[in-house]
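Trainee: Handing over model-v4.txt, compact mmCIF, C-alpha atoms and all ligand atoms.
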```
# COMPACT_ATOMS: atom_id res chain seq x y z
CA MET D 1 107.67 -43.32 -94.45
CA SER D 2 109.51 -46.15 -92.72
CA ARG D 3 107.69 -48.90 -90.84
CA GLU D 4 109.11 -47.49 -87.60
CA GLU D 5 107.62 -44.06 -88.27
CA ASP D 6 104.38 -45.71 -89.32
CA MET D 7 104.05 -47.46 -85.98
CA HIS D 8 104.18 -44.12 -84.16
CA MET D 9 101.64 -42.33 -86.30
CA GLU D 10 98.18 -41.72 -84.95
CA ILE D 11 95.23 -43.43 -86.56
CA ILE D 12 92.78 -40.77 -87.71
CA MET D 13 90.19 -43.02 -89.41
CA LYS D 14 89.21 -46.62 -89.21
CA THR D 15 86.56 -48.75 -90.89
CA GLU D 16 85.22 -52.14 -90.00
CA ASN D 17 83.63 -54.42 -92.56
CA LEU D 18 81.91 -51.77 -94.66
CA THR D 19 79.37 -52.90 -97.20
CA LYS D 20 77.22 -50.90 -99.58
CA ASP D 21 74.53 -51.96 -102.04
CA PHE D 22 72.87 -50.04 -104.82
CA GLY D 23 69.78 -52.04 -105.79
CA LYS D 24 70.88 -55.63 -106.28
CA GLU D 25 74.52 -54.72 -106.80
CA GLN D 26 76.85 -55.05 -103.82
CA VAL D 27 79.34 -52.30 -104.52
CA LEU D 28 81.45 -52.65 -101.36
CA LYS D 29 81.95 -56.14 -99.98
CA GLY D 30 83.48 -55.70 -96.54
CA ILE D 31 86.14 -52.99 -96.32
CA THR D 32 88.26 -52.89 -93.18
CA LEU D 33 91.11 -50.38 -93.05
CA THR D 34 92.91 -47.80 -90.96
CA ILE D 35 94.17 -44.41 -92.12
CA HIS D 36 97.06 -42.71 -90.35
CA GLU D 37 97.21 -39.01 -89.71
CA ASN D 38 99.08 -36.75 -92.13
CA THR D 39 99.46 -39.36 -94.86
CA PHE D 40 98.65 -39.29 -98.57
CA THR D 41 96.73 -42.43 -99.54
CA ALA D 42 95.87 -43.25 -103.15
CA ILE D 43 92.83 -45.43 -103.79
CA LEU D 44 93.49 -46.99 -107.15
CA GLY D 45 91.29 -49.23 -109.26
CA PRO D 46 89.31 -49.61 -112.45
CA SER D 47 86.01 -47.89 -113.13
CA GLY D 48 83.22 -49.40 -111.06
CA SER D 49 85.52 -50.98 -108.47
CA GLY D 50 83.94 -48.93 -105.67
CA LYS D 51 86.56 -46.20 -105.09
CA SER D 52 84.13 -43.27 -105.04
CA THR D 53 81.61 -45.16 -102.96
CA LEU D 54 84.29 -45.89 -100.36
CA LEU D 55 85.47 -42.26 -100.38
CA ASN D 56 81.88 -41.00 -100.06
CA ILE D 57 81.32 -43.21 -97.02
CA LEU D 58 84.60 -42.13 -95.40
CA SER D 59 83.75 -38.47 -95.93
CA GLY D 60 80.24 -38.88 -94.57
CA LEU D 61 78.44 -38.13 -97.83
CA ILE D 62 76.67 -41.49 -97.79
CA LYS D 63 76.06 -44.17 -95.15
CA PRO D 64 77.27 -47.76 -95.40
CA ALA D 65 74.71 -50.56 -95.48
CA THR D 66 76.61 -52.38 -92.73
CA GLY D 67 79.87 -51.77 -90.91
CA ARG D 68 81.21 -48.72 -89.13
CA VAL D 69 83.49 -45.74 -89.73
CA TRP D 70 85.44 -44.02 -86.94
CA CYS D 71 87.19 -40.69 -86.98
CA GLU D 72 89.33 -41.06 -83.89
CA ASN D 73 86.84 -42.03 -81.17
CA THR D 74 83.71 -40.86 -82.98
CA ILE D 75 81.64 -43.36 -84.93
CA ILE D 76 80.87 -41.24 -87.98
CA SER D 77 78.49 -43.74 -89.48
CA ASP D 78 76.23 -43.52 -86.41
CA LEU D 79 76.02 -39.72 -86.19
CA SER D 80 72.76 -37.84 -86.69
CA GLU D 81 72.50 -35.62 -89.77
CA LYS D 82 73.18 -32.57 -87.63
CA GLN D 83 76.25 -34.07 -85.91
CA LEU D 84 77.54 -35.32 -89.25
CA ALA D 85 77.12 -31.88 -90.83
CA SER D 86 79.10 -30.36 -87.97
CA TRP D 87 81.92 -32.93 -88.31
CA LYS D 88 82.10 -32.31 -92.07
CA ARG D 89 82.11 -28.54 -91.61
CA MET D 90 85.01 -28.69 -89.14
CA ASP D 91 87.17 -31.57 -90.32
CA VAL D 92 86.44 -32.53 -93.92
CA GLY D 93 87.36 -31.01 -97.27
CA ASN D 94 86.17 -32.47 -100.58
CA VAL D 95 87.55 -32.02 -104.07
CA PHE D 96 85.61 -33.45 -107.01
CA GLN D 97 86.43 -34.12 -110.64
CA ASN D 98 84.08 -31.39 -111.88
CA TYR D 99 85.23 -28.53 -109.58
CA LEU D 100 81.69 -27.38 -108.55
CA LEU D 101 82.59 -23.67 -108.48
CA LEU D 102 79.88 -21.01 -108.36
CA ASP D 103 79.83 -19.30 -111.78
CA ASN D 104 78.75 -15.88 -110.56
CA LEU D 105 81.51 -15.57 -107.93
CA THR D 106 85.15 -14.68 -108.51
CA VAL D 107 88.02 -17.00 -107.63
CA GLN D 108 88.55 -15.08 -104.40
CA GLU D 109 84.86 -15.29 -103.46
CA ASN D 110 84.68 -18.99 -104.36
CA ILE D 111 87.65 -19.73 -102.09
CA LYS D 112 86.21 -17.76 -99.19
CA ILE D 113 82.99 -19.80 -99.30
CA GLY D 114 85.09 -22.56 -97.76
CA ILE D 115 85.90 -20.59 -94.60
CA CYS D 116 84.47 -22.12 -91.44
CA PRO D 117 83.52 -19.39 -88.92
CA HIS D 118 84.08 -21.73 -85.99
CA LYS D 119 87.79 -22.35 -86.54
CA PRO D 120 90.89 -20.47 -87.69
CA SER D 121 91.47 -20.45 -91.45
CA LEU D 122 94.75 -21.00 -93.22
CA SER D 123 96.48 -17.87 -94.40
CA PHE D 124 94.63 -16.85 -97.58
CA ASP D 125 97.76 -15.23 -99.01
CA ARG D 126 99.93 -18.28 -98.38
CA LEU D 127 97.32 -20.63 -99.77
CA VAL D 128 96.80 -18.72 -103.03
CA ARG D 129 100.56 -18.39 -103.40
CA ILE D 130 101.11 -22.15 -103.06
CA LEU D 131 98.22 -22.87 -105.41
CA GLN D 132 99.46 -20.30 -107.95
CA LEU D 133 96.19 -18.37 -107.90
CA GLU D 134 97.49 -14.90 -107.03
CA GLU D 135 96.97 -13.48 -110.52
CA LEU D 136 93.50 -14.98 -110.91
CA LEU D 137 91.66 -13.80 -107.83
CA ASN D 138 89.26 -11.46 -109.64
CA LYS D 139 88.45 -13.80 -112.51
CA PHE D 140 85.23 -15.82 -112.86
CA PRO D 141 85.25 -19.61 -113.36
CA ALA D 142 84.29 -19.30 -117.05
CA GLU D 143 87.51 -17.36 -117.61
CA LEU D 144 89.70 -20.14 -116.13
CA SER D 145 91.30 -23.31 -117.52
CA GLY D 146 90.35 -26.66 -115.97
CA GLY D 147 93.56 -26.72 -113.95
CA GLN D 148 92.94 -23.20 -112.65
CA GLN D 149 89.37 -24.14 -111.70
CA GLN D 150 90.57 -27.24 -109.88
CA ARG D 151 93.22 -25.26 -108.00
CA THR D 152 90.45 -22.85 -106.93
CA SER D 153 88.28 -25.73 -105.74
CA ILE D 154 91.24 -27.14 -103.78
CA ALA D 155 91.80 -23.75 -102.13
CA ARG D 156 88.09 -23.63 -101.22
CA ALA D 157 88.30 -27.13 -99.71
CA VAL D 158 91.40 -26.51 -97.62
CA ILE D 159 91.09 -22.89 -96.47
CA LYS D 160 89.32 -24.05 -93.30
CA SER D 161 92.29 -26.32 -92.56
CA PRO D 162 90.42 -29.63 -92.63
CA ARG D 163 92.12 -32.56 -90.99
CA LEU D 164 90.92 -34.79 -93.84
CA LEU D 165 90.92 -33.97 -97.54
CA PHE D 166 89.03 -36.32 -99.86
CA CYS D 167 89.88 -35.96 -103.55
CA ASP D 168 87.66 -37.95 -105.91
CA GLU D 169 89.33 -38.24 -109.34
CA ALA D 170 90.53 -34.68 -108.81
CA THR D 171 92.63 -34.83 -111.97
CA GLY D 172 90.05 -36.80 -113.98
CA SER D 173 89.18 -33.87 -116.24
CA LEU D 174 92.68 -32.49 -116.61
CA ASP D 175 95.41 -32.99 -119.19
CA GLU D 176 98.83 -34.35 -118.27
CA GLU D 177 100.45 -31.03 -117.43
CA ASN D 178 97.60 -29.84 -115.23
CA SER D 179 97.24 -33.25 -113.58
CA LYS D 180 100.91 -33.24 -112.59
CA ASN D 181 100.59 -29.69 -111.35
CA VAL D 182 97.54 -30.47 -109.20
CA VAL D 183 99.13 -33.61 -107.71
CA GLU D 184 102.33 -31.69 -106.96
CA LEU D 185 100.36 -28.89 -105.32
CA LEU D 186 98.39 -31.30 -103.15
CA HIS D 187 101.68 -32.71 -101.86
CA SER D 188 102.92 -29.14 -101.28
CA LEU D 189 99.80 -28.30 -99.32
CA GLN D 190 100.24 -31.39 -97.20
CA SER D 191 103.83 -30.44 -96.41
CA ALA D 192 102.95 -26.81 -95.73
CA PHE D 193 99.86 -27.29 -93.60
CA GLY D 194 99.71 -30.98 -92.62
CA MET D 195 96.55 -32.89 -93.45
CA THR D 196 95.44 -36.40 -94.26
CA ILE D 197 94.71 -36.83 -97.95
CA LEU D 198 92.79 -39.64 -99.65
CA PHE D 199 92.83 -39.51 -103.44
CA THR D 200 90.93 -41.85 -105.77
CA THR D 201 92.39 -42.37 -109.21
CA HIS D 202 92.59 -44.71 -112.21
CA ASN D 203 96.14 -43.57 -112.78
CA PRO D 204 98.92 -45.80 -111.36
CA GLN D 205 101.47 -43.00 -111.86
CA ILE D 206 99.55 -40.66 -109.56
CA ALA D 207 99.25 -43.50 -107.06
CA LYS D 208 103.04 -43.85 -107.06
CA THR D 209 103.36 -40.35 -105.54
CA ALA D 210 101.39 -41.50 -102.47
CA ASP D 211 102.65 -42.87 -99.14
CA ARG D 212 100.25 -45.74 -99.42
CA ILE D 213 98.45 -47.38 -102.35
CA ILE D 214 95.17 -49.20 -101.79
CA THR D 215 94.02 -51.04 -104.90
CA MET D 216 90.35 -51.93 -105.21
CA LYS D 217 88.73 -54.55 -107.38
CA ASN D 218 85.05 -55.55 -107.45
CA GLY D 219 84.22 -53.79 -104.19
CA MET D 220 87.12 -55.31 -102.26
CA ILE D 221 90.66 -54.30 -101.35
CA GLN D 222 92.90 -56.24 -103.69
CA SER D 223 96.16 -54.90 -102.26
CA ASP D 224 97.26 -52.37 -99.68
CA ILE D 225 100.91 -51.36 -99.72
CA GLN D 226 103.08 -48.79 -97.99
CA ASN D 227 104.94 -47.04 -100.76
CA GLU D 228 108.46 -46.82 -99.35
CA HIS D 229 109.74 -44.75 -102.29
CA PRO D 230 107.08 -42.34 -103.52
CA ILE D 231 107.97 -40.61 -106.78
CA THR D 232 107.61 -36.85 -107.14
CA ALA D 233 104.78 -35.54 -109.28
CA GLY D 234 107.36 -34.19 -111.74
CA ASN D 235 108.70 -37.72 -112.27
CA MET D 236 105.37 -39.26 -113.21
CA VAL D 237 105.55 -40.81 -116.67
CA TRP D 238 102.31 -40.47 -118.60
CA GLY D 239 101.31 -43.35 -120.86
N1 LIG D 301 74.18 -43.61 -106.45
C1 LIG D 301 74.30 -44.77 -107.10
N2 LIG D 301 73.23 -45.46 -107.50
C2 LIG D 301 73.34 -46.64 -108.13
N3 LIG D 301 74.52 -47.25 -108.42
C3 LIG D 301 75.63 -46.60 -108.04
C4 LIG D 301 75.59 -45.34 -107.36
N4 LIG D 301 76.87 -44.96 -107.10
C5 LIG D 301 77.65 -45.93 -107.61
N5 LIG D 301 76.93 -46.91 -108.17
C6 LIG D 301 77.46 -48.13 -108.78
O1 LIG D 301 78.40 -48.67 -107.90
C7 LIG D 301 79.51 -49.21 -108.60
C8 LIG D 301 80.78 -48.60 -108.06
O2 LIG D 301 80.77 -47.22 -108.37
P1 LIG D 301 81.91 -46.23 -107.87
O3 LIG D 301 81.58 -44.88 -108.42
O4 LIG D 301 82.11 -46.35 -106.43
O5 LIG D 301 83.18 -46.84 -108.61
P2 LIG D 301 84.55 -46.17 -108.98
O6 LIG D 301 85.58 -47.21 -108.78
O7 LIG D 301 84.70 -44.89 -108.24
O8 LIG D 301 84.35 -45.88 -110.51
P3 LIG D 301 84.85 -44.62 -111.39
O9 LIG D 301 86.33 -44.73 -111.40
O10 LIG D 301 84.24 -44.88 -112.74
O11 LIG D 301 84.34 -43.40 -110.73
C9 LIG D 301 79.26 -48.95 -110.08
O12 LIG D 301 78.74 -50.11 -110.66
C10 LIG D 301 78.23 -47.84 -110.06
O13 LIG D 301 77.39 -47.91 -111.18
```
Please render this file's structure as structure tokens.
Mentor:
Amino acid sequence: MSREEDMHMEIIMKTENLTKDFGKEQVLKGITLTIHENTFTAILGPSGSGKSTLLNILSGLIKPATGRVWCENTIISDLSEKQLASWKRMDVGNVFQNYLLLDNLTVQENIKIGICPHKPSLSFDRLVRILQLEELLNKFPAELSGGQQQRTSIARAVIKSPRLLFCDEATGSLDEENSKNVVELLHSLQSAFGMTILFTTHNPQIAKTADRIITMKNGMIQSDIQNEHPITAGNMVWG
């Protein structure tokens, strides 16, 4: 993305001076940022730097101690529980490290749990084709590899066509091959359907596939760069 294109992109989220404490520990120390629509942002940083806490606040899972979060003109951090639940149902998809699939449902049934009755879904057939799940639809989670389970959880998160997809260490439990595959497929989904993706990771190679790399350290943004030359997932070099 060039700077010129960047200037014309809509801001979908914005935060102002977010802080968060857990007990005596201040985990976020004043995070101010903007997120543009239809971008892939990596949030990189060591364990404990506050990546998940920031993602959880952006996705409405937890509230900041101080500061505000906007999604367009709505102040998410001020919404009631009911309003927040509605925003999340319509606009937010989450992918976690540990998949969180329901063991007694098939792949197909797990994916369809993600459908939101109040808005059009993505094409199920197209989605499972992109995520390479066509042959697995009648299997149960226990019969799947980690990569297959994560691809199912991604399909469940995106079938409702969320505007925002939050991926928290989505490749954290996967080996190199499956990690590359999942990262590649997330980029494919973004191209195919258009959505704004935020992806926390420890892995600098995964971050290099993103349009933008925010690096966190000790609850603060250490650097925030537009990645003018993202690498493809296939070109990531594992250490
Ligand atoms: N619910 C919680 N209760 C208490 N402390 C918490 C809670 N969630 C996070 N923390 C603490 O906040 C700090 C930041 O955690 P966070 O999970 O945001 O970091 P992270 O950068 O995502 O780390 P990791 O890469 O290991 O997931 C850590 O010291 C963690 O122990």
Trainee: List all protein, DNA and RNA residues that have any atom at most 7 Å from ligand LIG 301 (chain D), counting only C-alpha atoms and all ligand atoms, and write the list as a ChimeraX atom specification.
Mentor: /D:22-23,27,45-54,201-202
Trainee: How many Å lie between CA of Gln83 in chain D and CA of Leu100 in chain D, rounded to one decimal?
Mentor: 24.2 Å
Trainee: Work out how far apart CA of Gln190 in chain D and CA of Ile12 in chain D are and give it in Å to one decimal.
Mentor: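 Distance reported for this atom pair: 15.3 Å.
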Trainee: Please report the interatomic distance between CA of Ile159 in chain D and CA of Gln132 in chain D in Å with one decimal.
Mentor: 14.4 Å
Trainee: Which of these residues is nearest to Gly60 in chain D, using all atoms listed in the file: D:Glu81, D:Glu143, D:Glu176, D:Asp168?
Mentor: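 Closest residue, counting all atoms listed in the file: D:Glu81.
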Trainee: Could you list, as a ChimeraX atom specification, every residue within 9 Å of His229 in chain D, counting all atoms listed in the file and ignoring same-chain residues fewer than 3 positions away?
Mentor: /D:1,208-211,226
Trainee: Edge lengths and centre in Å to one decimal, as JSON, is what I'm after for the box along x, y and z that holds all listed atoms of range 124-139 of chain D once 8 Å is added on each side.
Mentor:
```
{"center_x": 94.8, "center_y": -17.2, "center_z": -105.0, "size_x": 28.7, "size_y": 27.4, "size_z": 30.9}
```
Trainee: With distances taken over only C-alpha atoms, which of D:Ser121, D:Thr66, D:Gln97, D:Thr106 is nearest to Ser179 in chain D?
Mentor: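 For Ser179 in chain D, the nearest of the given residues is D:Gln97.
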Trainee: Pick the closest to Gln222 in chain D from D:Thr32, D:Thr19, D:Asn56, D:Thr171: which is it, counting all atoms listed in the file?
Mentor: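 Once distances to Gln222 in chain D are computed over all atoms listed in the file, the minimum belongs to D:Thr32.
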Trainee: Which residues are near Lys63 in chain D? Cut-off 9 Å, all atoms listed in the file, ignore same chain within fewer than 6 positions. Put them as a list in words.
Mentor: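 So, after excluding close chain neighbours, the residues are Lys20, Asn56, Ile57, Ser77 and Asp78 of chain D.
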Trainee: Taking all atoms listed in the file into account, name the residue in D:Tyr99, D:Trp70, D:Phe199, D:Phe140 that is nearest to Trp87 in chain D.
Mentor: D:Trp70
Trainee: Taking all atoms listed in the file into account, which of D:Ile31, D:Asn38, D:Glu169, D:Phe124 comes nearest Met9 in chain D?
Mentor: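 Looking only at the distances to Met9 in chain D, the closest residue turns out to be D:Asn38.
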Trainee: Place N, CA and C atoms on range 151-187 of chain D and deliver the coordinates as a CSV table (one decimal), keeping the file's coordinate frame.
Mentor:
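The new file rebuild12.csv reads:
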```
chain,number,residue,atom,x,y,z
D,151,ARG,N,92.4,-25.9,-109.1
D,151,ARG,CA,93.2,-25.3,-108.0
D,151,ARG,C,92.4,-24.4,-107.1
D,152,THR,N,91.4,-23.7,-107.7
D,152,THR,CA,90.4,-22.8,-106.9
D,152,THR,C,89.6,-23.7,-106.0
D,153,SER,N,89.1,-24.9,-106.6
D,153,SER,CA,88.3,-25.7,-105.7
D,153,SER,C,89.1,-26.4,-104.6
D,154,ILE,N,90.4,-26.6,-104.9
D,154,ILE,CA,91.2,-27.1,-103.8
D,154,ILE,C,91.4,-26.1,-102.7
D,155,ALA,N,91.6,-24.8,-103.1
D,155,ALA,CA,91.8,-23.8,-102.1
D,155,ALA,C,90.5,-23.6,-101.3
D,156,ARG,N,89.4,-23.7,-101.9
D,156,ARG,CA,88.1,-23.6,-101.2
D,156,ARG,C,88.0,-24.8,-100.2
D,157,ALA,N,88.4,-26.0,-100.6
D,157,ALA,CA,88.3,-27.1,-99.7
D,157,ALA,C,89.2,-27.0,-98.5
D,158,VAL,N,90.4,-26.4,-98.7
D,158,VAL,CA,91.4,-26.5,-97.6
D,158,VAL,C,91.5,-25.2,-96.8
D,159,ILE,N,90.9,-24.1,-97.2
D,159,ILE,CA,91.1,-22.9,-96.5
D,159,ILE,C,90.7,-23.0,-95.0
D,160,LYS,N,89.7,-23.9,-94.7
D,160,LYS,CA,89.3,-24.0,-93.3
D,160,LYS,C,90.3,-25.0,-92.5
D,161,SER,N,91.3,-25.4,-93.2
D,161,SER,CA,92.3,-26.3,-92.6
D,161,SER,C,91.7,-27.6,-92.1
D,162,PRO,N,91.0,-28.4,-93.0
D,162,PRO,CA,90.4,-29.6,-92.6
D,162,PRO,C,91.5,-30.6,-92.2
D,163,ARG,N,91.2,-31.5,-91.3
D,163,ARG,CA,92.1,-32.6,-91.0
D,163,ARG,C,92.2,-33.6,-92.1
D,164,LEU,N,91.0,-33.8,-92.8
D,164,LEU,CA,90.9,-34.8,-93.8
D,164,LEU,C,90.5,-34.1,-95.2
D,165,LEU,N,91.3,-34.5,-96.2
D,165,LEU,CA,90.9,-34.0,-97.5
D,165,LEU,C,90.7,-35.2,-98.5
D,166,PHE,N,89.4,-35.2,-99.0
D,166,PHE,CA,89.0,-36.3,-99.9
D,166,PHE,C,89.0,-35.8,-101.3
D,167,CYS,N,89.8,-36.4,-102.1
D,167,CYS,CA,89.9,-36.0,-103.6
D,167,CYS,C,89.4,-37.1,-104.4
D,168,ASP,N,88.2,-36.9,-105.1
D,168,ASP,CA,87.7,-38.0,-105.9
D,168,ASP,C,88.0,-37.7,-107.4
D,169,GLU,N,88.9,-38.4,-107.9
D,169,GLU,CA,89.3,-38.2,-109.3
D,169,GLU,C,89.6,-36.8,-109.6
D,170,ALA,N,90.3,-36.1,-108.7
D,170,ALA,CA,90.5,-34.7,-108.8
D,170,ALA,C,91.3,-34.3,-110.1
D,171,THR,N,91.9,-35.2,-110.7
D,171,THR,CA,92.6,-34.8,-112.0
D,171,THR,C,91.9,-35.5,-113.2
D,172,GLY,N,90.7,-36.0,-112.9
D,172,GLY,CA,90.0,-36.8,-114.0
D,172,GLY,C,89.7,-36.0,-115.2
D,173,SER,N,89.5,-34.7,-115.1
D,173,SER,CA,89.2,-33.9,-116.2
D,173,SER,C,90.4,-33.1,-116.8
D,174,LEU,N,91.5,-33.3,-116.3
D,174,LEU,CA,92.7,-32.5,-116.6
D,174,LEU,C,93.7,-33.2,-117.5
D,175,ASP,N,94.4,-32.4,-118.3
D,175,ASP,CA,95.4,-33.0,-119.2
D,175,ASP,C,96.6,-33.3,-118.3
D,176,GLU,N,97.6,-33.9,-119.0
D,176,GLU,CA,98.8,-34.4,-118.3
D,176,GLU,C,99.5,-33.2,-117.5
D,177,GLU,N,99.7,-32.1,-118.1
D,177,GLU,CA,100.4,-31.0,-117.4
D,177,GLU,C,99.7,-30.5,-116.2
D,178,ASN,N,98.4,-30.3,-116.4
D,178,ASN,CA,97.6,-29.8,-115.2
D,178,ASN,C,97.4,-30.9,-114.1
D,179,SER,N,97.4,-32.2,-114.6
D,179,SER,CA,97.2,-33.2,-113.6
D,179,SER,C,98.5,-33.3,-112.7
D,180,LYS,N,99.6,-33.2,-113.4
D,180,LYS,CA,100.9,-33.2,-112.6
D,180,LYS,C,101.0,-32.1,-111.6
D,181,ASN,N,100.6,-30.9,-112.2
D,181,ASN,CA,100.6,-29.7,-111.4
D,181,ASN,C,99.7,-29.8,-110.1
D,182,VAL,N,98.5,-30.3,-110.3
D,182,VAL,CA,97.5,-30.5,-109.2
D,182,VAL,C,98.1,-31.5,-108.2
D,183,VAL,N,98.6,-32.6,-108.7
D,183,VAL,CA,99.1,-33.6,-107.7
D,183,VAL,C,100.3,-33.0,-106.9
D,184,GLU,N,101.2,-32.3,-107.6
D,184,GLU,CA,102.3,-31.7,-107.0
D,184,GLU,C,101.9,-30.7,-105.9
D,185,LEU,N,100.8,-29.9,-106.3
D,185,LEU,CA,100.4,-28.9,-105.3
D,185,LEU,C,99.7,-29.5,-104.1
D,186,LEU,N,99.0,-30.6,-104.3
D,186,LEU,CA,98.4,-31.3,-103.2
D,186,LEU,C,99.5,-31.8,-102.2
D,187,HIS,N,100.6,-32.3,-102.7
D,187,HIS,CA,101.7,-32.7,-101.9
D,187,HIS,C,102.3,-31.5,-101.2
```
